[in-house]
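Participant: Data file input02.cif (mmCIF, C-alpha atoms) is appended below.
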data_model
loop_
_atom_site.label_atom_id
_atom_site.label_comp_id
_atom_site.auth_asym_id
_atom_site.auth_seq_id
_atom_site.Cartn_x
_atom_site.Cartn_y
_atom_site.Cartn_z
CA MET A 1 -27.01 -36.71 -57.03
CA PRO A 2 -25.99 -35.23 -53.69
CA SER A 3 -22.82 -33.16 -53.62
CA ASP A 4 -19.74 -35.07 -52.37
CA ASP A 5 -18.64 -32.11 -50.20
CA ASP A 6 -21.93 -31.11 -48.56
CA GLY A 7 -24.15 -34.15 -48.75
CA ALA A 8 -27.02 -32.17 -50.27
CA TYR A 9 -28.63 -31.76 -53.67
CA PRO A 10 -27.90 -28.61 -55.73
CA GLN A 11 -31.38 -27.16 -55.07
CA THR A 12 -30.79 -27.33 -51.31
CA LEU A 13 -27.28 -25.89 -51.68
CA ALA A 14 -28.76 -22.96 -53.59
CA VAL A 15 -30.88 -22.17 -50.53
CA GLN A 16 -28.54 -23.37 -47.77
CA PRO A 17 -24.98 -23.01 -49.04
CA GLY A 18 -23.37 -23.32 -45.60
CA LEU A 19 -20.93 -20.46 -46.20
CA GLN A 20 -17.85 -20.08 -44.02
CA ILE A 21 -16.72 -16.44 -44.17
CA PRO A 22 -13.34 -15.92 -42.51
CA PRO A 23 -13.50 -13.59 -39.49
CA GLY A 24 -11.39 -10.47 -39.05
CA PHE A 25 -12.79 -8.07 -41.65
CA ASP A 26 -13.56 -4.65 -40.25
CA SER A 27 -14.12 -1.19 -41.70
CA PHE A 28 -15.48 2.22 -40.78
CA SER A 29 -18.71 1.44 -42.62
CA PRO A 30 -21.24 -0.55 -40.54
CA PRO A 31 -22.69 -3.66 -42.20
CA THR A 32 -26.07 -3.37 -43.89
CA TRP A 33 -28.24 -6.15 -42.48
CA ARG A 34 -31.26 -6.75 -44.72
CA GLY A 35 -33.79 -9.20 -43.38
CA SER A 36 -37.38 -9.77 -42.39
CA THR A 37 -36.94 -13.22 -40.81
CA VAL A 38 -34.81 -13.38 -37.67
CA VAL A 39 -33.38 -16.86 -37.18
CA PHE A 40 -33.48 -18.12 -33.58
CA ARG A 41 -31.16 -20.77 -32.25
CA ASN A 42 -33.99 -22.72 -30.61
CA LEU A 43 -37.68 -22.49 -29.70
CA ALA A 44 -36.98 -21.35 -26.17
CA GLU A 45 -35.18 -18.32 -27.54
CA LEU A 46 -38.03 -17.57 -29.96
CA ARG A 47 -40.70 -17.86 -27.26
CA ALA A 48 -38.74 -15.88 -24.68
CA HIS A 49 -38.51 -12.73 -26.75
CA GLY A 50 -39.48 -9.71 -24.72
CA ASP A 51 -38.47 -11.22 -21.38
CA ALA A 52 -35.72 -9.42 -19.50
CA GLY A 53 -32.27 -10.63 -20.40
CA THR A 54 -33.32 -12.54 -23.55
CA THR A 55 -32.59 -11.97 -27.22
CA TYR A 56 -33.05 -8.45 -28.53
CA TRP A 57 -34.05 -9.40 -32.06
CA ARG A 58 -37.52 -10.50 -33.08
CA TYR A 59 -38.44 -9.44 -36.62
CA GLY A 60 -36.73 -7.30 -39.23
CA LEU A 61 -39.59 -4.80 -39.25
CA HIS A 62 -38.79 -3.76 -35.69
CA ALA A 63 -35.00 -3.68 -35.68
CA THR A 64 -31.86 -4.94 -37.37
CA PRO A 65 -28.23 -4.41 -36.37
CA THR A 66 -28.09 -1.65 -39.01
CA SER A 67 -31.11 0.24 -37.68
CA GLU A 68 -29.88 -0.27 -34.11
CA ALA A 69 -26.55 1.31 -35.04
CA LEU A 70 -28.38 4.34 -36.40
CA CYS A 71 -30.62 4.56 -33.32
CA GLN A 72 -27.66 4.57 -30.98
CA HIS A 73 -25.74 7.09 -33.08
CA LEU A 74 -28.67 9.52 -33.13
CA ALA A 75 -29.31 9.14 -29.40
CA LYS A 76 -25.69 9.98 -28.60
CA LEU A 77 -25.74 13.07 -30.83
CA GLU A 78 -28.89 14.51 -29.25
CA GLY A 79 -28.40 13.31 -25.69
CA ALA A 80 -31.34 10.89 -25.72
CA ARG A 81 -31.63 7.45 -24.16
CA ASP A 82 -33.70 5.79 -26.91
CA THR A 83 -34.49 6.30 -30.58
CA LEU A 84 -37.29 4.92 -32.74
CA LEU A 85 -37.00 5.10 -36.53
CA LEU A 86 -39.98 5.86 -38.75
CA PRO A 87 -40.51 5.94 -42.53
CA SER A 88 -40.67 9.79 -42.59
CA GLY A 89 -40.68 12.85 -40.39
CA LEU A 90 -44.46 12.96 -40.62
CA ALA A 91 -44.67 9.34 -39.48
CA ALA A 92 -42.60 10.34 -36.45
CA ILE A 93 -45.12 13.09 -35.67
CA SER A 94 -47.98 10.61 -36.15
CA LEU A 95 -46.38 8.16 -33.73
CA VAL A 96 -46.34 10.77 -30.97
CA TYR A 97 -50.01 11.60 -31.52
CA PHE A 98 -51.23 8.00 -31.64
CA ALA A 99 -49.09 6.83 -28.72
CA LEU A 100 -50.10 9.60 -26.32
CA LEU A 101 -53.65 10.71 -27.16
CA ARG A 102 -57.06 9.10 -26.75
CA SER A 103 -60.59 10.25 -27.51
CA GLY A 104 -61.46 13.09 -25.15
CA ASP A 105 -57.86 14.25 -24.71
CA ASP A 106 -56.62 17.76 -25.46
CA VAL A 107 -53.41 18.82 -27.23
CA LEU A 108 -51.87 22.27 -27.60
CA VAL A 109 -50.12 23.03 -30.90
CA PRO A 110 -48.22 26.22 -31.85
CA ASP A 111 -49.89 28.29 -34.53
CA ASN A 112 -46.69 28.22 -36.61
CA VAL A 113 -46.58 24.43 -36.68
CA TYR A 114 -45.33 22.45 -39.69
CA GLY A 115 -48.27 22.21 -42.10
CA PRO A 116 -48.65 18.39 -42.12
CA ASN A 117 -48.58 18.41 -38.31
CA ARG A 118 -51.54 20.81 -38.35
CA GLU A 119 -53.36 18.60 -40.84
CA HIS A 120 -52.73 15.57 -38.65
CA GLY A 121 -54.13 17.35 -35.62
CA GLU A 122 -57.23 18.41 -37.52
CA TRP A 123 -57.73 14.80 -38.63
CA LEU A 124 -57.56 13.63 -35.02
CA ALA A 125 -60.06 16.31 -34.01
CA ARG A 126 -62.45 15.44 -36.81
CA ASP A 127 -62.38 11.65 -36.69
CA PHE A 128 -60.96 10.61 -33.31
CA GLY A 129 -62.51 12.96 -30.77
CA VAL A 130 -59.28 14.72 -29.77
CA THR A 131 -59.43 18.44 -29.01
CA VAL A 132 -56.70 20.38 -30.82
CA ARG A 133 -56.07 24.00 -29.85
CA TYR A 134 -53.50 26.41 -31.31
CA TYR A 135 -51.46 28.88 -29.33
CA ASP A 136 -49.24 31.85 -30.16
CA PRO A 137 -45.73 30.39 -30.44
CA MET A 138 -44.34 33.30 -28.38
CA ILE A 139 -46.74 32.72 -25.48
CA GLY A 140 -44.04 31.48 -23.09
CA ALA A 141 -45.21 30.98 -19.52
CA GLY A 142 -48.67 32.17 -20.55
CA ILE A 143 -49.37 28.70 -21.88
CA GLY A 144 -50.13 27.65 -18.31
CA ALA A 145 -53.48 29.43 -18.56
CA LEU A 146 -54.39 27.29 -21.59
CA ILE A 147 -53.73 23.92 -19.97
CA ARG A 148 -56.90 21.99 -19.10
CA PRO A 149 -57.39 18.92 -16.91
CA ASN A 150 -57.54 16.76 -20.06
CA THR A 151 -54.49 18.31 -21.77
CA ARG A 152 -52.06 15.48 -22.44
CA LEU A 153 -49.50 16.96 -24.84
CA ILE A 154 -47.94 20.29 -25.82
CA TRP A 155 -46.11 20.54 -29.13
CA MET A 156 -43.31 23.00 -29.85
CA GLU A 157 -41.21 23.90 -32.88
CA SER A 158 -37.93 25.73 -32.42
CA PRO A 159 -37.76 27.60 -34.65
CA GLY A 160 -41.05 27.48 -36.54
CA SER A 161 -40.53 25.76 -39.87
CA VAL A 162 -41.74 28.71 -41.98
CA THR A 163 -41.90 31.86 -39.85
CA MET A 164 -38.90 30.96 -37.70
CA GLU A 165 -40.09 32.08 -34.25
CA VAL A 166 -37.98 30.68 -31.41
CA PRO A 167 -40.23 29.95 -28.39
CA ASP A 168 -39.35 30.21 -24.73
CA SER A 169 -39.15 26.45 -24.36
CA GLU A 170 -38.00 26.64 -20.75
CA ALA A 171 -41.13 28.53 -19.71
CA ILE A 172 -43.43 26.21 -21.67
CA VAL A 173 -41.81 23.11 -20.18
CA ALA A 174 -42.02 24.51 -16.66
CA ALA A 175 -45.75 25.18 -17.05
CA ALA A 176 -46.31 21.73 -18.55
CA ARG A 177 -44.38 19.88 -15.85
CA GLU A 178 -46.19 21.72 -13.08
CA ARG A 179 -49.43 20.28 -14.47
CA GLY A 180 -48.14 16.84 -15.47
CA VAL A 181 -48.37 17.42 -19.24
CA LEU A 182 -45.91 15.85 -21.69
CA THR A 183 -43.99 18.03 -24.15
CA ALA A 184 -42.74 17.23 -27.64
CA ILE A 185 -40.64 19.32 -29.97
CA ASP A 186 -39.91 19.23 -33.68
CA ASN A 187 -36.14 19.71 -33.48
CA THR A 188 -35.40 19.15 -37.16
CA TRP A 189 -33.94 22.64 -37.78
CA SER A 190 -31.05 22.05 -35.37
CA ALA A 191 -30.52 18.44 -36.49
CA GLY A 192 -30.25 17.57 -32.81
CA LEU A 193 -26.83 19.23 -32.58
CA TYR A 194 -27.47 22.92 -31.96
CA PHE A 195 -30.38 22.53 -29.54
CA ARG A 196 -30.47 19.92 -26.74
CA PRO A 197 -34.15 19.39 -25.90
CA PHE A 198 -33.66 16.85 -23.11
CA ASP A 199 -31.38 19.22 -21.22
CA LYS A 200 -34.36 21.61 -21.22
CA GLY A 201 -36.70 19.00 -19.76
CA ILE A 202 -38.58 18.29 -23.00
CA ASP A 203 -39.93 14.74 -23.06
CA ILE A 204 -39.85 13.88 -26.78
CA SER A 205 -37.82 15.11 -29.73
CA VAL A 206 -38.95 14.50 -33.30
CA GLN A 207 -36.49 14.64 -36.17
CA ALA A 208 -37.00 14.48 -39.93
CA LEU A 209 -33.87 12.54 -40.83
CA THR A 210 -34.85 13.28 -44.41
CA LYS A 211 -33.16 16.65 -43.88
CA TYR A 212 -29.66 17.24 -42.51
CA GLN A 213 -28.93 13.75 -41.20
CA SER A 214 -29.40 12.34 -44.69
CA GLY A 215 -27.84 15.34 -46.37
CA GLY A 216 -28.41 14.00 -49.87
CA SER A 217 -32.06 14.84 -50.62
CA ASP A 218 -32.57 11.15 -51.38
CA VAL A 219 -33.79 9.49 -48.16
CA LEU A 220 -37.13 9.60 -46.35
CA MET A 221 -36.91 8.82 -42.64
CA GLY A 222 -37.93 10.16 -39.24
CA ALA A 223 -36.98 9.59 -35.63
CA VAL A 224 -38.60 9.90 -32.21
CA LEU A 225 -36.12 10.30 -29.37
CA SER A 226 -36.70 10.18 -25.63
CA ARG A 227 -34.99 9.66 -22.28
CA ASP A 228 -37.74 8.13 -20.13
CA GLU A 229 -37.84 4.32 -20.29
CA ALA A 230 -41.60 4.00 -19.73
CA LEU A 231 -42.38 6.67 -22.32
CA HIS A 232 -40.12 4.94 -24.83
CA ALA A 233 -41.90 1.62 -24.20
CA ARG A 234 -45.24 3.28 -24.90
CA LEU A 235 -43.97 4.82 -28.12
CA LYS A 236 -42.29 1.57 -29.18
CA ARG A 237 -45.44 -0.48 -28.62
CA THR A 238 -47.46 1.92 -30.75
CA ARG A 239 -44.90 1.80 -33.55
CA MET A 240 -45.02 -2.01 -33.53
CA LEU A 241 -48.83 -2.07 -33.67
CA MET A 242 -48.82 0.41 -36.56
CA GLY A 243 -46.36 -1.74 -38.50
CA TRP A 244 -43.88 1.08 -39.14
CA GLY A 245 -40.37 0.12 -40.19
CA VAL A 246 -37.44 1.48 -42.19
CA SER A 247 -35.18 0.12 -44.90
CA ALA A 248 -31.74 -1.12 -43.94
CA ASP A 249 -30.35 0.52 -47.06
CA ASP A 250 -31.81 3.88 -46.02
CA CYS A 251 -30.35 3.42 -42.54
CA PHE A 252 -26.97 2.83 -44.15
CA LEU A 253 -27.26 6.04 -46.18
CA VAL A 254 -28.00 8.09 -43.06
CA LEU A 255 -25.23 6.37 -41.10
CA ARG A 256 -22.81 7.14 -43.91
CA ALA A 257 -23.74 10.85 -43.77
CA LEU A 258 -23.63 11.35 -39.98
CA PRO A 259 -19.84 11.72 -39.58
CA SER A 260 -19.91 14.81 -41.82
CA LEU A 261 -23.03 16.30 -40.17
CA PRO A 262 -21.23 18.80 -37.89
CA VAL A 263 -19.03 20.00 -40.75
CA ARG A 264 -21.97 20.40 -43.11
CA LEU A 265 -24.07 22.22 -40.51
CA ALA A 266 -21.24 24.67 -39.84
CA ALA A 267 -20.95 25.38 -43.56
CA HIS A 268 -24.71 25.93 -43.90
CA ASP A 269 -24.62 28.21 -40.85
CA ARG A 270 -21.84 30.43 -42.21
CA ALA A 271 -23.42 30.69 -45.65
CA ALA A 272 -26.96 31.35 -44.43
CA ARG A 273 -25.85 34.11 -42.08
CA GLU A 274 -23.93 35.79 -44.88
CA VAL A 275 -26.89 35.68 -47.25
CA ALA A 276 -29.32 36.74 -44.50
CA GLU A 277 -27.18 39.75 -43.59
CA TRP A 278 -27.03 40.80 -47.23
CA LEU A 279 -30.80 40.49 -47.61
CA SER A 280 -31.36 42.58 -44.48
CA GLN A 281 -29.94 45.56 -46.40
CA ARG A 282 -32.25 45.20 -49.39
CA PRO A 283 -35.08 47.75 -49.78
CA GLU A 284 -37.48 45.05 -50.99
CA VAL A 285 -37.16 43.15 -47.69
CA VAL A 286 -39.11 44.21 -44.59
CA LYS A 287 -37.84 41.48 -42.25
CA VAL A 288 -35.22 38.76 -42.35
CA LEU A 289 -36.43 35.92 -40.14
CA HIS A 290 -33.20 34.23 -39.22
CA PRO A 291 -32.92 33.21 -35.53
CA ALA A 292 -29.37 34.58 -35.30
CA LEU A 293 -30.55 38.04 -36.37
CA GLN A 294 -32.16 40.40 -33.88
CA ASP A 295 -35.27 40.96 -36.04
CA CYS A 296 -36.36 37.35 -35.62
CA PRO A 297 -39.01 36.81 -32.92
CA GLY A 298 -37.40 34.88 -30.08
CA HIS A 299 -33.83 35.84 -30.98
CA ALA A 300 -32.99 36.12 -27.27
CA PHE A 301 -34.19 32.55 -26.69
CA TRP A 302 -32.09 31.36 -29.62
CA ARG A 303 -29.03 32.97 -28.02
CA ARG A 304 -29.85 31.30 -24.72
CA ASP A 305 -30.71 27.83 -26.01
CA PHE A 306 -28.80 27.21 -29.25
CA SER A 307 -25.13 26.67 -29.97
CA GLY A 308 -25.45 27.53 -33.66
CA ALA A 309 -27.77 28.12 -36.59
CA THR A 310 -28.43 26.22 -39.80
CA GLY A 311 -29.32 26.95 -43.41
CA LEU A 312 -33.07 27.61 -43.28
CA PHE A 313 -34.57 31.09 -42.82
CA ALA A 314 -37.21 33.34 -44.34
CA ILE A 315 -37.64 36.86 -45.65
CA VAL A 316 -40.76 39.02 -45.50
CA LEU A 317 -41.15 41.25 -48.55
CA HIS A 318 -42.83 44.65 -48.62
CA GLU A 319 -46.60 44.65 -48.85
CA ARG A 320 -46.43 46.59 -52.11
CA TYR A 321 -45.47 43.39 -53.93
CA THR A 322 -48.34 41.17 -55.04
CA ARG A 323 -48.32 37.40 -54.72
CA ALA A 324 -47.86 37.19 -58.48
CA GLN A 325 -44.77 39.40 -58.29
CA VAL A 326 -43.32 37.34 -55.47
CA ASP A 327 -43.96 34.15 -57.43
CA ALA A 328 -42.17 35.73 -60.41
CA PHE A 329 -39.21 36.57 -58.17
CA VAL A 330 -38.93 32.96 -56.95
CA GLU A 331 -39.24 31.57 -60.46
CA ALA A 332 -36.54 33.96 -61.71
CA LEU A 333 -33.97 32.48 -59.34
CA GLU A 334 -31.49 30.26 -61.15
CA ARG A 335 -29.35 29.00 -58.27
CA PHE A 336 -32.32 28.21 -56.02
CA ALA A 337 -34.49 25.24 -56.92
CA ILE A 338 -38.22 25.24 -56.16
CA GLY A 339 -39.12 22.29 -53.98
CA TRP A 340 -40.11 20.96 -50.58
CA SER A 341 -37.76 19.65 -47.96
CA TRP A 342 -34.26 20.86 -47.34
CA GLY A 343 -31.06 19.74 -45.65
CA GLY A 344 -29.18 18.73 -48.79
CA ALA A 345 -26.48 20.47 -50.79
CA HIS A 346 -28.82 22.43 -53.10
CA SER A 347 -30.38 25.80 -52.24
CA LEU A 348 -34.17 26.10 -52.32
CA ALA A 349 -36.83 28.84 -52.35
CA VAL A 350 -40.58 28.54 -51.66
CA PRO A 351 -43.13 31.40 -51.28
CA TYR A 352 -45.81 31.28 -48.56
CA HIS A 353 -48.99 33.26 -47.96
CA VAL A 354 -48.76 33.07 -44.18
CA PRO A 355 -52.18 34.50 -43.16
CA SER A 356 -53.91 31.53 -44.78
CA MET A 357 -51.73 29.20 -42.68
CA ARG A 358 -52.32 30.83 -39.30
CA PRO A 359 -56.01 30.65 -38.33
CA ALA A 360 -55.23 31.64 -34.75
CA GLY A 361 -54.33 35.10 -36.03
CA SER A 362 -50.78 35.30 -34.67
CA TRP A 363 -49.40 36.67 -37.94
CA PRO A 364 -48.03 39.22 -38.59
CA PRO A 365 -46.71 40.02 -35.11
CA GLU A 366 -48.04 43.18 -33.52
CA GLY A 367 -46.14 46.29 -34.52
CA TRP A 368 -44.79 45.04 -37.82
CA GLN A 369 -45.15 47.57 -40.61
CA HIS A 370 -45.68 46.83 -44.32
CA ALA A 371 -45.31 43.04 -43.95
CA GLY A 372 -46.26 41.29 -47.17
CA GLU A 373 -45.53 37.88 -48.65
CA LEU A 374 -42.95 35.51 -47.17
CA VAL A 375 -40.30 33.51 -49.02
CA ARG A 376 -38.51 30.70 -47.21
CA LEU A 377 -34.92 30.21 -48.32
CA TYR A 378 -32.67 27.25 -47.75
CA ILE A 379 -28.98 27.95 -48.26
CA GLY A 380 -27.15 24.92 -49.54
CA LEU A 381 -23.44 24.41 -50.15
CA GLU A 382 -23.01 26.58 -53.23
CA ASP A 383 -20.65 29.57 -53.17
CA THR A 384 -22.47 32.44 -51.46
CA ARG A 385 -21.20 34.88 -54.09
CA ASP A 386 -23.23 33.05 -56.72
CA LEU A 387 -26.30 32.86 -54.48
CA ILE A 388 -26.20 36.57 -53.64
CA ALA A 389 -25.72 37.50 -57.29
CA ASP A 390 -28.71 35.37 -58.19
CA LEU A 391 -30.88 36.97 -55.50
CA ARG A 392 -29.80 40.48 -56.54
CA ARG A 393 -30.67 39.87 -60.17
CA ALA A 394 -34.08 38.36 -59.37
CA LEU A 395 -34.95 41.14 -56.91
CA GLU A 396 -33.95 43.89 -59.29
CA THR A 397 -35.69 42.44 -62.33
CA LYS A 398 -38.90 41.21 -60.71
CA LEU A 399 -39.39 43.45 -57.65
CA SER A 400 -38.05 46.79 -58.82
CA ALA A 401 -39.31 49.63 -56.63
#
Once more with this new file: its structure as structure tokens, please.

Facilitator:
Amino acid sequence: MPSDDDGAYPQTLAVQPGLQIPPGFDSFSPPTWRGSTVVFRNLAELRAHGDAGTTYWRYGLHATPTSEALCQHLAKLEGARDTLLLPSGLAAISLVYFALLRSGDDVLVPDNVYGPNREHGEWLARDFGVTVRYYDPMIGAGIGALIRPNTRLIWMESPGSVTMEVPDSEAIVAAARERGVLTAIDNTWSAGLYFRPFDKGIDISVQALTKYQSGGSDVLMGAVLSRDEALHARLKRTRMLMGWGVSADDCFLVLRALPSLPVRLAAHDRAAREVAEWLSQRPEVVKVLHPALQDCPGHAFWRRDFSGATGLFAIVLHERYTRAQVDAFVEALERFAIGWSWGGAHSLAVPYHVPSMRPAGSWPPEGWQHAGELVRLYIGLEDTRDLIADLRRALETKLSA
């Protein structure tokens, strides 16, 4: 029998309960809106989507109030106009490639680029007819000589995700703009706080929100940020056609972490500088590649462009140590986990054989003596006294002179 109160059968009430939630509840935590179907008030509203001045919402894949809150928060932090969310940092890189390049186009990529970015470029070159060329990340204004009539995009990383070079982004952007070429930067290291790409004239910023914005080593998400309305529309259309979306629950986790982002970055900065300075005194270490230290290529550009540093840097060990010895050193560390990604509370260490990653031959830099294997270190939120003690023990037991 129908319910006396609602005039409907129980099965219908289970689906359409007609809830009346009292207004007035508010909190610091934004609501988590989960939904694929967006309910329109009438057919005119449904059919008018996309027209100026009509409803913003269309389908949960493209946006929800929760994802929109995250987009706006990220744009304000980095000084962007628009943000697009992607399922990962690599998806954000992919969006830029697919939105801006066509068969026959040319793209310039720094030789120190994030490995999956290089693999993506090689895939485009192999299967989609895009020319991908690599340049020395310290080329500066010299990149103008590499730009061709069909060059559509120049990538930058600042600093490089493994070897930590800081490029002269101002010179690269000036050369690109003179020739009408778009620029994109992987700005993940600074988390969008310590480097302001749009103030430098860069067109697109890519962030792996998986890192510092999440802060918990438990979320996969990326973002593409921009200031130009037409460029954003082009990127947004491509994202829609590719069917990329993000989870409302993951958006909530990143939103929850953002208020503490400046405090966490400052703590990572202090700790990483302390550990880097200590390592610079060790006889096993040839170079400490931390942008705030003078030995790092592009240190002067870091001082000009950045307002701080974060927790990721690298050390170059003496050539007398074999790859097996360096592996043994990394595995002997007890306070540093072995694993990809970074940006969370836990310290990490990963060894790299850089020559195999740099086919353009820009490693090691000219004039470096006795450069051997590289170990990338991420300094988390542990006490630096414990981290330094751990590094000392591993160095002395596995890399004794």

Participant: Looking at all atoms listed in the file, which of A:Ala345, A:Ile185, A:Ala332, A:Leu374 is the one that sits closest to Asp218 of chain A?

Facilitator: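 Answer, going by the shortest atom-to-atom distance: A:Ala345.
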
Participant: Specify as a CSV table (one decimal) with C-alpha atoms, in the coordinates of the input each residue included when the PyMOL selection byres ((chain A and resi 67) around 8) is applied to this file.

Facilitator:
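Output file selection_13.csv follows:
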chain,number,residue,atom,x,y,z
A,63,ALA,CA,-35.0,-3.7,-35.7
A,64,THR,CA,-31.9,-4.9,-37.4
A,65,PRO,CA,-28.2,-4.4,-36.4
A,66,THR,CA,-28.1,-1.6,-39.0
A,68,GLU,CA,-29.9,-0.3,-34.1
A,69,ALA,CA,-26.6,1.3,-35.0
A,70,LEU,CA,-28.4,4.3,-36.4
A,71,CYS,CA,-30.6,4.6,-33.3
A,85,LEU,CA,-37.0,5.1,-36.5
A,246,VAL,CA,-37.4,1.5,-42.2
A,248,ALA,CA,-31.7,-1.1,-43.9
A,251,CYS,CA,-30.4,3.4,-42.5

Participant: Name all residues at most 9 Å from segment 223-239 of chain A (count all atoms listed in the file; drop same-chain ones fewer than 3 positions away) and give them as a PyMOL selection string.

Facilitator: chain A and resi 62+71+74-75+78-89+91-93+95-96+98-100+198+202-209+242-245

Participant: Would you export the selected residues with C-alpha atoms as a JSON list (two decimals), in the coordinates of the input, please?

Facilitator:
[["chain", "number", "residue", "atom", "x", "y", "z"],
["A", 62, "HIS", "CA", -38.79, -3.76, -35.69],
["A", 71, "CYS", "CA", -30.62, 4.56, -33.32],
["A", 74, "LEU", "CA", -28.67, 9.52, -33.13],
["A", 75, "ALA", "CA", -29.31, 9.14, -29.40],
["A", 78, "GLU", "CA", -28.89, 14.51, -29.25],
["A", 79, "GLY", "CA", -28.40, 13.31, -25.69],
["A", 80, "ALA", "CA", -31.34, 10.89, -25.72],
["A", 81, "ARG", "CA", -31.63, 7.45, -24.16],
["A", 82, "ASP", "CA", -33.70, 5.79, -26.91],
["A", 83, "THR", "CA", -34.49, 6.30, -30.58],
["A", 84, "LEU", "CA", -37.29, 4.92, -32.74],
["A", 85, "LEU", "CA", -37.00, 5.10, -36.53],
["A", 86, "LEU", "CA", -39.98, 5.86, -38.75],
["A", 87, "PRO", "CA", -40.51, 5.94, -42.53],
["A", 88, "SER", "CA", -40.67, 9.79, -42.59],
["A", 89, "GLY", "CA", -40.68, 12.85, -40.39],
["A", 91, "ALA", "CA", -44.67, 9.34, -39.48],
["A", 92, "ALA", "CA", -42.60, 10.34, -36.45],
["A", 93, "ILE", "CA", -45.12, 13.09, -35.67],
["A", 95, "LEU", "CA", -46.38, 8.16, -33.73],
["A", 96, "VAL", "CA", -46.34, 10.77, -30.97],
["A", 98, "PHE", "CA", -51.23, 8.00, -31.64],
["A", 99, "ALA", "CA", -49.09, 6.83, -28.72],
["A", 100, "LEU", "CA", -50.10, 9.60, -26.32],
["A", 198, "PHE", "CA", -33.66, 16.85, -23.11],
["A", 202, "ILE", "CA", -38.58, 18.29, -23.00],
["A", 203, "ASP", "CA", -39.93, 14.74, -23.06],
["A", 204, "ILE", "CA", -39.85, 13.88, -26.78],
["A", 205, "SER", "CA", -37.82, 15.11, -29.73],
["A", 206, "VAL", "CA", -38.95, 14.50, -33.30],
["A", 207, "GLN", "CA", -36.49, 14.64, -36.17],
["A", 208, "ALA", "CA", -37.00, 14.48, -39.93],
["A", 209, "LEU", "CA", -33.87, 12.54, -40.83],
["A", 242, "MET", "CA", -48.82, 0.41, -36.56],
["A", 243, "GLY", "CA", -46.36, -1.74, -38.50],
["A", 244, "TRP", "CA", -43.88, 1.08, -39.14],
["A", 245, "GLY", "CA", -40.37, 0.12, -40.19]]

Participant: Here's the selection I'm unsure about, the PyMOL selection byres ((chain A and resi 191) around 12); applied to the file above, which residues does it give, as a tab-separated table (two decimals) with C-alpha atoms, in the coordinates of the input?

Facilitator:
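The new file out_9.tsv reads:
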chain	number	residue	atom	x	y	z
A	74	LEU	CA	-28.67	9.52	-33.13
A	75	ALA	CA	-29.31	9.14	-29.40
A	77	LEU	CA	-25.74	13.07	-30.83
A	78	GLU	CA	-28.89	14.51	-29.25
A	158	SER	CA	-37.93	25.73	-32.42
A	159	PRO	CA	-37.76	27.60	-34.65
A	186	ASP	CA	-39.91	19.23	-33.68
A	187	ASN	CA	-36.14	19.71	-33.48
A	188	THR	CA	-35.40	19.15	-37.16
A	189	TRP	CA	-33.94	22.64	-37.78
A	190	SER	CA	-31.05	22.05	-35.37
A	192	GLY	CA	-30.25	17.57	-32.81
A	193	LEU	CA	-26.83	19.23	-32.58
A	194	TYR	CA	-27.47	22.92	-31.96
A	195	PHE	CA	-30.38	22.53	-29.54
A	196	ARG	CA	-30.47	19.92	-26.74
A	197	PRO	CA	-34.15	19.39	-25.90
A	205	SER	CA	-37.82	15.11	-29.73
A	206	VAL	CA	-38.95	14.50	-33.30
A	207	GLN	CA	-36.49	14.64	-36.17
A	208	ALA	CA	-37.00	14.48	-39.93
A	209	LEU	CA	-33.87	12.54	-40.83
A	210	THR	CA	-34.85	13.28	-44.41
A	211	LYS	CA	-33.16	16.65	-43.88
A	212	TYR	CA	-29.66	17.24	-42.51
A	213	GLN	CA	-28.93	13.75	-41.20
A	214	SER	CA	-29.40	12.34	-44.69
A	215	GLY	CA	-27.84	15.34	-46.37
A	222	GLY	CA	-37.93	10.16	-39.24
A	223	ALA	CA	-36.98	9.59	-35.63
A	258	LEU	CA	-23.63	11.35	-39.98
A	261	LEU	CA	-23.03	16.30	-40.17
A	262	PRO	CA	-21.23	18.80	-37.89
A	264	ARG	CA	-21.97	20.40	-43.11
A	265	LEU	CA	-24.07	22.22	-40.51
A	266	ALA	CA	-21.24	24.67	-39.84
A	306	PHE	CA	-28.80	27.21	-29.25
A	307	SER	CA	-25.13	26.67	-29.97
A	308	GLY	CA	-25.45	27.53	-33.66
A	309	ALA	CA	-27.77	28.12	-36.59
A	310	THR	CA	-28.43	26.22	-39.80
A	311	GLY	CA	-29.32	26.95	-43.41
A	312	LEU	CA	-33.07	27.61	-43.28
A	342	TRP	CA	-34.26	20.86	-47.34
A	343	GLY	CA	-31.06	19.74	-45.65

Participant: Quick check, in Å to one decimal: how far apart do atom CA of Asp199 of chain A and atom CA of Gly380 of chain A lie?

Facilitator: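 If I compute the distance from atom CA of Asp199 of chain A to atom CA of Gly380 of chain A, I get 29.2 Å.
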
Participant: Quick one: everything within 8 Å of segment 103-105 of chain A, counting all atoms listed in the file, minus sequence neighbours fewer than 4 positions away in the same chain. Send it as a list in words.

Facilitator: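 Result of the neighbour search: Phe128, Gly129, Val130, Thr131, Asn150, Thr151 and Arg152 of chain A.
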
Participant: Between atom CA of Ala349 of chain A and atom CA of Arg385 of chain A, what is the spacing in Å?

Facilitator: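 A separation of 16.8 Å between them.
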
Participant: Would you compute the distance between atom CA of Leu387 of chain A and atom CA of Gly344 of chain A? Give it in Å to one decimal.

Facilitator: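 Result for atom CA of Leu387 of chain A versus atom CA of Gly344 of chain A: 15.5 Å, one decimal.
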
Participant: Fewer than 6 positions away in the same chain doesn't count, so skip those; otherwise give me all residues within 9 Å of Ala174 of chain A, counting all atoms listed in the file, as a VMD selection string.

Facilitator: chain A and resid 141 144 201

Participant: Can I get the selection written as a compact mmCIF listing (two decimals), keeping the file's coordinate frame, with C-alpha atoms?

Facilitator:
# COMPACT_ATOMS: atom_id res chain seq x y z
CA ALA A 141 -45.21 30.98 -19.52
CA GLY A 144 -50.13 27.65 -18.31
CA GLY A 201 -36.70 19.00 -19.76
